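A.B. asks: Hey, dropping query20.tsv in here, TSV, C-alpha atoms:
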```tsv
chain	number	residue	atom	x	y	z
Y	765	MET	CA	1.97	10.09	-11.97
Y	766	ILE	CA	5.38	11.55	-12.53
Y	767	GLN	CA	6.52	14.33	-10.20
Y	768	GLY	CA	2.91	15.00	-9.17
Y	769	GLU	CA	1.62	15.27	-12.74
Y	770	ARG	CA	-0.92	12.87	-14.23
Y	771	VAL	CA	0.39	10.91	-17.20
Y	772	ASN	CA	-2.14	9.47	-19.63
Y	773	GLY	CA	-1.09	7.07	-22.30
Y	774	THR	CA	-1.12	3.58	-23.58
Y	775	THR	CA	-0.05	0.41	-21.85
Y	776	LYS	CA	3.64	-0.49	-21.76
Y	777	SER	CA	3.16	-2.59	-24.89
Y	778	GLY	CA	1.13	0.10	-26.63
Y	779	ARG	CA	-1.74	-2.35	-27.15
Y	780	THR	CA	-5.26	-2.20	-25.79
Y	781	ARG	CA	-6.91	-5.13	-24.11
Y	782	VAL	CA	-10.43	-6.06	-23.15
Y	783	ILE	CA	-10.88	-7.58	-19.71
Y	784	PRO	CA	-14.16	-9.42	-19.12
Y	785	ILE	CA	-15.92	-8.55	-15.87
Y	786	ASP	CA	-18.76	-10.18	-13.97
Y	787	ASP	CA	-22.38	-9.00	-13.89
Y	788	ASP	CA	-22.12	-7.59	-10.35
Y	789	THR	CA	-19.19	-5.39	-11.35
Y	790	VAL	CA	-21.12	-4.23	-14.43
Y	791	ALA	CA	-24.02	-3.26	-12.15
Y	792	VAL	CA	-21.71	-1.27	-9.85
Y	793	LEU	CA	-20.20	0.55	-12.84
Y	794	ARG	CA	-23.63	1.34	-14.29
Y	795	GLN	CA	-24.71	2.75	-10.94
Y	796	ARG	CA	-21.52	4.82	-10.85
Y	797	LYS	CA	-22.37	6.20	-14.30
Y	798	ALA	CA	-25.85	7.17	-13.10
Y	799	ASP	CA	-24.42	8.79	-9.95
Y	800	GLN	CA	-21.93	10.69	-12.07
Y	801	ALA	CA	-24.74	12.00	-14.32
Y	802	ALA	CA	-26.48	13.31	-11.18
Y	803	GLU	CA	-23.22	14.93	-10.03
Y	804	GLN	CA	-22.90	16.59	-13.43
Y	805	LEU	CA	-26.41	18.04	-13.17
Y	806	GLN	CA	-25.70	19.31	-9.68
Y	807	ALA	CA	-22.37	20.85	-10.71
Y	808	GLY	CA	-23.91	22.60	-13.70
Y	809	ASP	CA	-21.45	24.92	-15.43
Y	810	SER	CA	-18.77	23.97	-12.89
Y	811	TRP	CA	-18.59	20.45	-14.37
Y	812	ARG	CA	-15.10	19.86	-15.76
Y	813	GLY	CA	-15.53	16.31	-17.04
Y	814	THR	CA	-16.01	15.14	-20.59
Y	815	LYS	CA	-18.86	13.10	-22.04
Y	816	ASP	CA	-16.76	9.96	-22.36
Y	817	GLY	CA	-14.39	10.77	-19.51
Y	818	TYR	CA	-13.21	8.93	-16.45
Y	819	VAL	CA	-15.40	6.59	-14.45
Y	820	PHE	CA	-14.13	7.78	-11.08
Y	821	THR	CA	-13.92	11.54	-10.74
Y	822	THR	CA	-14.19	14.34	-8.28
Y	823	GLY	CA	-17.62	15.86	-7.71
Y	824	TRP	CA	-16.97	18.29	-10.54
Y	825	GLY	CA	-15.79	15.73	-13.09
Y	826	GLU	CA	-12.02	15.90	-12.90
Y	827	PRO	CA	-10.14	12.60	-12.68
Y	828	ILE	CA	-9.04	11.59	-9.22
Y	829	TYR	CA	-5.37	10.98	-8.60
Y	830	PRO	CA	-4.14	7.45	-7.85
Y	831	ASP	CA	-2.67	8.70	-4.56
Y	832	THR	CA	-6.19	9.66	-3.49
Y	833	VAL	CA	-7.35	6.06	-3.95
Y	834	THR	CA	-4.28	4.74	-2.16
Y	835	SER	CA	-4.97	7.00	0.83
Y	836	LEU	CA	-8.62	5.95	0.75
Y	837	MET	CA	-7.53	2.31	0.97
Y	838	THR	CA	-5.49	3.14	4.06
Y	839	LYS	CA	-8.53	4.80	5.65
Y	840	LEU	CA	-10.82	1.87	4.78
Y	841	ILE	CA	-8.37	-0.67	6.20
Y	842	ARG	CA	-7.98	1.39	9.37
Y	843	ALA	CA	-11.78	1.69	9.71
Y	844	HIS	CA	-12.09	-2.09	9.37
Y	845	ASN	CA	-9.30	-2.82	11.84
Y	846	GLN	CA	-10.31	-0.16	14.38
Y	847	PRO	CA	-14.09	0.29	14.21
Y	848	THR	CA	-15.58	2.92	16.49
Y	849	GLN	CA	-18.97	1.26	17.11
Y	850	GLN	CA	-18.00	-2.39	17.62
Y	851	PRO	CA	-15.14	-4.60	18.81
Y	852	ARG	CA	-12.07	-4.97	16.64
Y	853	PRO	CA	-12.28	-7.90	14.21
Y	854	LYS	CA	-10.11	-10.95	14.89
Y	855	ASN	CA	-8.86	-10.94	11.30
Y	856	GLN	CA	-7.06	-7.65	10.87
Y	857	LEU	CA	-6.38	-6.47	7.34
Y	858	PRO	CA	-2.75	-5.70	6.50
Y	859	HIS	CA	-1.65	-2.40	5.02
Y	860	ALA	CA	-2.20	-2.43	1.25
Y	861	ARG	CA	-1.47	-0.06	-1.59
Y	862	LEU	CA	-3.65	0.32	-4.67
Y	863	HIS	CA	-1.16	-1.72	-6.71
Y	864	ASP	CA	-1.45	-4.56	-4.18
Y	865	LEU	CA	-4.98	-5.18	-5.48
Y	866	ARG	CA	-3.43	-6.26	-8.78
Y	867	HIS	CA	-1.36	-8.88	-6.94
Y	868	ILE	CA	-4.35	-10.05	-4.93
Y	869	HIS	CA	-6.29	-10.41	-8.18
Y	870	ALA	CA	-3.51	-12.40	-9.82
Y	871	THR	CA	-2.86	-14.73	-6.88
Y	872	THR	CA	-6.57	-15.40	-6.45
Y	873	LEU	CA	-6.97	-16.27	-10.12
Y	874	LEU	CA	-3.91	-18.51	-10.15
Y	875	SER	CA	-5.64	-20.87	-7.72
Y	876	GLY	CA	-7.72	-22.25	-10.58
Y	877	VAL	CA	-7.40	-20.21	-13.77
Y	878	PRO	CA	-4.82	-21.25	-16.40
Y	879	VAL	CA	-1.70	-19.12	-16.27
Y	880	HIS	CA	-2.03	-17.94	-19.89
Y	881	VAL	CA	-5.48	-16.50	-19.09
Y	882	VAL	CA	-4.15	-14.71	-15.98
Y	883	ALA	CA	-1.20	-13.40	-18.02
Y	884	ALA	CA	-3.54	-11.96	-20.66
Y	885	ARG	CA	-5.68	-10.32	-17.97
Y	886	LEU	CA	-2.63	-8.71	-16.38
Y	887	GLY	CA	-1.30	-7.57	-19.75
Y	888	HIS	CA	1.78	-9.78	-19.66
Y	889	ALA	CA	2.89	-10.45	-23.23
Y	890	ASP	CA	4.34	-13.81	-22.20
Y	891	PRO	CA	2.94	-16.16	-19.51
Y	892	ALA	CA	6.55	-16.74	-18.46
Y	893	ILE	CA	6.49	-13.25	-16.92
Y	894	THR	CA	3.46	-14.23	-14.84
Y	895	LEU	CA	5.13	-17.48	-13.83
Y	896	ARG	CA	8.25	-15.61	-12.66
Y	897	VAL	CA	6.37	-12.92	-10.73
Y	898	TYR	CA	3.93	-15.35	-9.12
Y	899	ALA	CA	6.17	-18.41	-8.77
Y	900	HIS	CA	5.31	-18.74	-5.07
Y	901	VAL	CA	1.63	-19.16	-5.95
Y	902	ILE	CA	2.43	-21.74	-8.60
Y	903	ARG	CA	4.56	-23.74	-6.14
Y	904	SER	CA	1.70	-23.74	-3.64
Y	905	ALA	CA	-0.70	-24.96	-6.34
Y	906	GLU	CA	1.77	-27.71	-7.29
Y	907	ALA	CA	1.79	-28.97	-3.69
Y	908	THR	CA	-2.00	-28.97	-3.65
Y	909	ALA	CA	-2.04	-30.86	-6.95
Y	910	ALA	CA	0.23	-33.51	-5.47
Y	911	ASP	CA	-2.16	-33.96	-2.54
Y	912	ILE	CA	-5.18	-34.21	-4.84
Y	913	PHE	CA	-3.44	-36.83	-6.97
Y	914	ALA	CA	-2.40	-38.84	-3.88
Y	915	GLN	CA	-5.98	-38.82	-2.63
Y	916	ALA	CA	-7.23	-40.01	-6.03
Y	917	VAL	CA	-4.72	-42.86	-6.05
Y	918	LYS	CA	-5.74	-43.91	-2.52
Y	919	ALA	CA	-9.43	-43.84	-3.48
Y	920	ALA	CA	-8.79	-46.04	-6.54
```
As structure tokens, how would this structure be written, given the file I've shared?

C.D. replies:
Amino acid sequence: MIQGERVNGTTKSGRTRVIPIDDDTVAVLRQRKADQAAEQLQAGDSWRGTKDGYVFTTGWGEPIYPDTVTSLMTKLIRAHNQPTQQPRPKNQLPHARLHDLRHIHATTLLSGVPVHVVAARLGHADPAITLRVYAHVIRSAEATAADIFAQAVKAA
């Protein structure tokens, strides 16, 4: 969004990319598509979406704004941290923005997925970008690798 207006366009590089997803995510997206078809029937002539439109929309088919999802994340985190029907959990979730999910995704993958694969998933043209942005994760993995190697040497 720029000055409150939605901006649709290509990626920074102008290229498209396909990102493989797991079967559970596919199932959630298929269910969302079915739910959206029901919403379209219920909305009738008020439906403003297109046949091949957005996956996540308002109840009348218009795309939701990223700020809406960000505010929803804040509400979900608050509901987790301060439940009304049960005691507060010991492990409180920190505040997170929508964009923070991208970083969580990347750091999780870097614990075992080759950096060039993570870079491609994130849309980085060069894995060096990924290495610079997530250097702290790489350093942590290097320390773990040293421990694993030391254990292997001791076992031999």

A.B. asks: Kindly indicate which residue among Y:Arg852, Y:Lys776, Y:His844, Y:His900 lies nearest to Y:Ala870, using all atoms listed in the file for the distances.

C.D. replies: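 Result for the nearest residue to Y:Ala870: Y:His900.
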
A.B. asks: Considering only C-alpha atoms, can you say which of Y:Tyr829, Y:His867, Y:Arg796, Y:Ala860 comes closest to Y:Arg842?

C.D. replies: Y:Ala860

A.B. asks: Work out how far apart atom CA of Y:Thr872 and atom CA of Y:Lys854 are and give it in Å to one decimal.

C.D. replies: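 So the answer is 22.1 Å.
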
A.B. asks: Using only C-alpha atoms, which residue out of Y:Trp824, Y:Lys815, Y:Gln856, Y:Val882 lies closest to Y:His869?

C.D. replies: Y:Val882

A.B. asks: Would you kindly return, as a PyMOL selection string, each protein, DNA or RNA residue with an atom no farther than 8 Å from any atom of Y:Pro891, considering all atoms listed in the file and excluding same-chain residues fewer than 5 positions away?

C.D. replies: chain Y and resi 879-880+883-884

A.B. asks: Which distance in Å separates atom CA of Y:Ala843 and atom CA of Y:Ile785, to one decimal?

C.D. replies: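 Taking atom CA of Y:Ala843 as the start and atom CA of Y:Ile785 as the end point, the length is 27.9 Å.
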
A.B. asks: Could you pull the residues within 12 Å of Y:Gly813, counting only C-alpha atoms, minus those fewer than 2 positions along the same chain, as a list in words?

C.D. replies: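 What passes the distance filter is Gln800, Ala801, Glu803, Gln804, Leu805, Ala807, Gly808, Asp809, Ser810, Trp811, Lys815, Asp816, Gly817, Tyr818, Val819, Phe820, Thr821, Thr822, Gly823, Trp824, Gly825, Glu826, Pro827 and Ile828 of chain Y.
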
A.B. asks: How many Å lie between atom CA of Y:Arg794 and atom CA of Y:Gln806, rounded to one decimal?

C.D. replies: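 We find that atom CA of Y:Arg794 and atom CA of Y:Gln806 lie 18.7 Å from each other.
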
A.B. asks: So, counting all atoms listed in the file, which residue among Y:Ala916, Y:Val881, Y:Gln850, Y:Tyr898 is closest to Y:Ile783?

C.D. replies: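 Smallest separation from Y:Ile783 among the options: Y:Val881.
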
A.B. asks: Nearest residue to Y:Thr908 out of Y:Pro784, Y:Ile893, Y:Gly876, Y:Gly887, using only C-alpha atoms?

C.D. replies: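 The shortest atom-to-atom distance to Y:Thr908 comes from Y:Gly876.
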
A.B. asks: Counting only C-alpha atoms, find the residues whose atoms lie at most 8 Å from (-2.8, 1.4, -4.4) (file coordinates) and write them out as a PyMOL selection string.

C.D. replies: chain Y and resi 830-831+833-835+837+860-865

A.B. asks: Restricting the calculation to all atoms listed in the file, which member of Y:Leu874, Y:Leu857, Y:Ala791, Y:Ala798 is positioned closest to Y:Arg903?

C.D. replies: Y:Leu874

A.B. asks: Would you compute, for all listed atoms of stretch 834-844 of chain Y, the axis-aligned bounding box grown by 4 Å on each side, and then report its centre and edge lengths in Å rounded to one decimal, as JSON?

C.D. replies:
```
{"center_x": -8.2, "center_y": 2.5, "center_z": 3.8, "size_x": 15.8, "size_y": 17.1, "size_z": 19.9}
```

A.B. asks: Rebuild stretch 805-816 of chain Y to all heavy atoms - output it as an mmCIF file, in the frame of the given file, please.

C.D. replies:
```
data_model
loop_
_atom_site.group_PDB
_atom_site.id
_atom_site.type_symbol
_atom_site.label_atom_id
_atom_site.label_comp_id
_atom_site.auth_asym_id
_atom_site.auth_seq_id
_atom_site.Cartn_x
_atom_site.Cartn_y
_atom_site.Cartn_z
ATOM 1 N N LEU Y 805 -25.257 17.116 -13.234
ATOM 2 C CA LEU Y 805 -26.410 18.040 -13.170
ATOM 3 C C LEU Y 805 -26.269 18.999 -12.002
ATOM 4 O O LEU Y 805 -26.532 20.192 -12.139
ATOM 5 C CB LEU Y 805 -27.702 17.239 -13.044
ATOM 6 C CG LEU Y 805 -28.220 16.583 -14.318
ATOM 7 C CD1 LEU Y 805 -29.433 15.714 -14.017
ATOM 8 C CD2 LEU Y 805 -28.569 17.640 -15.364
ATOM 9 N N GLN Y 806 -25.852 18.476 -10.865
ATOM 10 C CA GLN Y 806 -25.700 19.310 -9.680
ATOM 11 C C GLN Y 806 -24.581 20.335 -9.851
ATOM 12 O O GLN Y 806 -24.705 21.472 -9.410
ATOM 13 C CB GLN Y 806 -25.427 18.441 -8.459
ATOM 14 C CG GLN Y 806 -25.425 19.211 -7.165
ATOM 15 C CD GLN Y 806 -25.305 18.305 -5.949
ATOM 16 O OE1 GLN Y 806 -25.141 17.107 -6.068
ATOM 17 N NE2 GLN Y 806 -25.385 18.887 -4.778
ATOM 18 N N ALA Y 807 -23.510 19.943 -10.515
ATOM 19 C CA ALA Y 807 -22.370 20.850 -10.710
ATOM 20 C C ALA Y 807 -22.670 21.925 -11.742
ATOM 21 O O ALA Y 807 -22.083 23.012 -11.697
ATOM 22 C CB ALA Y 807 -21.126 20.061 -11.113
ATOM 23 N N GLY Y 808 -23.548 21.622 -12.674
ATOM 24 C CA GLY Y 808 -23.910 22.600 -13.700
ATOM 25 C C GLY Y 808 -22.715 23.051 -14.513
ATOM 26 O O GLY Y 808 -21.930 22.242 -15.007
ATOM 27 N N ASP Y 809 -22.550 24.364 -14.634
ATOM 28 C CA ASP Y 809 -21.450 24.920 -15.430
ATOM 29 C C ASP Y 809 -20.084 24.672 -14.815
ATOM 30 O O ASP Y 809 -19.059 24.851 -15.479
ATOM 31 C CB ASP Y 809 -21.646 26.431 -15.628
ATOM 32 C CG ASP Y 809 -22.841 26.742 -16.518
ATOM 33 O OD1 ASP Y 809 -23.257 25.833 -17.285
ATOM 34 O OD2 ASP Y 809 -23.368 27.873 -16.436
ATOM 35 N N SER Y 810 -20.038 24.257 -13.555
ATOM 36 C CA SER Y 810 -18.770 23.970 -12.890
ATOM 37 C C SER Y 810 -18.210 22.603 -13.279
ATOM 38 O O SER Y 810 -17.076 22.284 -12.934
ATOM 39 C CB SER Y 810 -18.938 24.014 -11.364
ATOM 40 O OG SER Y 810 -19.343 25.292 -10.953
ATOM 41 N N TRP Y 811 -19.019 21.799 -13.974
ATOM 42 C CA TRP Y 811 -18.590 20.450 -14.370
ATOM 43 C C TRP Y 811 -17.388 20.551 -15.299
ATOM 44 O O TRP Y 811 -17.393 21.290 -16.277
ATOM 45 C CB TRP Y 811 -19.724 19.701 -15.059
ATOM 46 C CG TRP Y 811 -19.377 18.289 -15.400
ATOM 47 C CD1 TRP Y 811 -19.056 17.803 -16.635
ATOM 48 C CD2 TRP Y 811 -19.305 17.182 -14.509
ATOM 49 N NE1 TRP Y 811 -18.789 16.464 -16.562
ATOM 50 C CE2 TRP Y 811 -18.934 16.050 -15.275
ATOM 51 C CE3 TRP Y 811 -19.505 17.029 -13.150
ATOM 52 C CZ2 TRP Y 811 -18.770 14.795 -14.701
ATOM 53 C CZ3 TRP Y 811 -19.350 15.771 -12.591
ATOM 54 C CH2 TRP Y 811 -18.980 14.677 -13.365
ATOM 55 N N ARG Y 812 -16.345 19.800 -14.984
ATOM 56 C CA ARG Y 812 -15.100 19.860 -15.760
ATOM 57 C C ARG Y 812 -14.816 18.554 -16.498
ATOM 58 O O ARG Y 812 -13.779 18.425 -17.133
ATOM 59 C CB ARG Y 812 -13.930 20.182 -14.844
ATOM 60 C CG ARG Y 812 -14.078 21.551 -14.201
ATOM 61 C CD ARG Y 812 -12.922 21.853 -13.316
ATOM 62 N NE ARG Y 812 -13.154 23.094 -12.602
ATOM 63 C CZ ARG Y 812 -12.583 23.398 -11.471
ATOM 64 N NH1 ARG Y 812 -11.737 22.571 -10.906
ATOM 65 N NH2 ARG Y 812 -12.843 24.541 -10.879
ATOM 66 N N GLY Y 813 -15.725 17.604 -16.383
ATOM 67 C CA GLY Y 813 -15.530 16.310 -17.040
ATOM 68 C C GLY Y 813 -15.907 16.360 -18.507
ATOM 69 O O GLY Y 813 -16.410 17.363 -19.011
ATOM 70 N N THR Y 814 -15.654 15.268 -19.182
ATOM 71 C CA THR Y 814 -16.010 15.140 -20.590
ATOM 72 C C THR Y 814 -17.090 14.079 -20.719
ATOM 73 O O THR Y 814 -17.304 13.274 -19.803
ATOM 74 C CB THR Y 814 -14.796 14.736 -21.447
ATOM 75 O OG1 THR Y 814 -14.317 13.469 -20.981
ATOM 76 C CG2 THR Y 814 -13.693 15.776 -21.347
ATOM 77 N N LYS Y 815 -17.753 14.045 -21.836
ATOM 78 C CA LYS Y 815 -18.860 13.100 -22.040
ATOM 79 C C LYS Y 815 -18.392 11.660 -21.872
ATOM 80 O O LYS Y 815 -19.052 10.850 -21.230
ATOM 81 C CB LYS Y 815 -19.465 13.297 -23.423
ATOM 82 C CG LYS Y 815 -20.640 12.388 -23.663
ATOM 83 C CD LYS Y 815 -21.261 12.588 -25.018
ATOM 84 C CE LYS Y 815 -22.441 11.642 -25.115
ATOM 85 N NZ LYS Y 815 -22.697 11.180 -26.426
ATOM 86 N N ASP Y 816 -17.289 11.316 -22.453
ATOM 87 C CA ASP Y 816 -16.760 9.960 -22.360
ATOM 88 C C ASP Y 816 -15.503 9.939 -21.494
ATOM 89 O O ASP Y 816 -14.514 9.312 -21.837
ATOM 90 C CB ASP Y 816 -16.449 9.411 -23.761
ATOM 91 C CG ASP Y 816 -17.699 9.290 -24.602
ATOM 92 O OD1 ASP Y 816 -18.743 8.922 -24.045
ATOM 93 O OD2 ASP Y 816 -17.634 9.568 -25.813
#
```
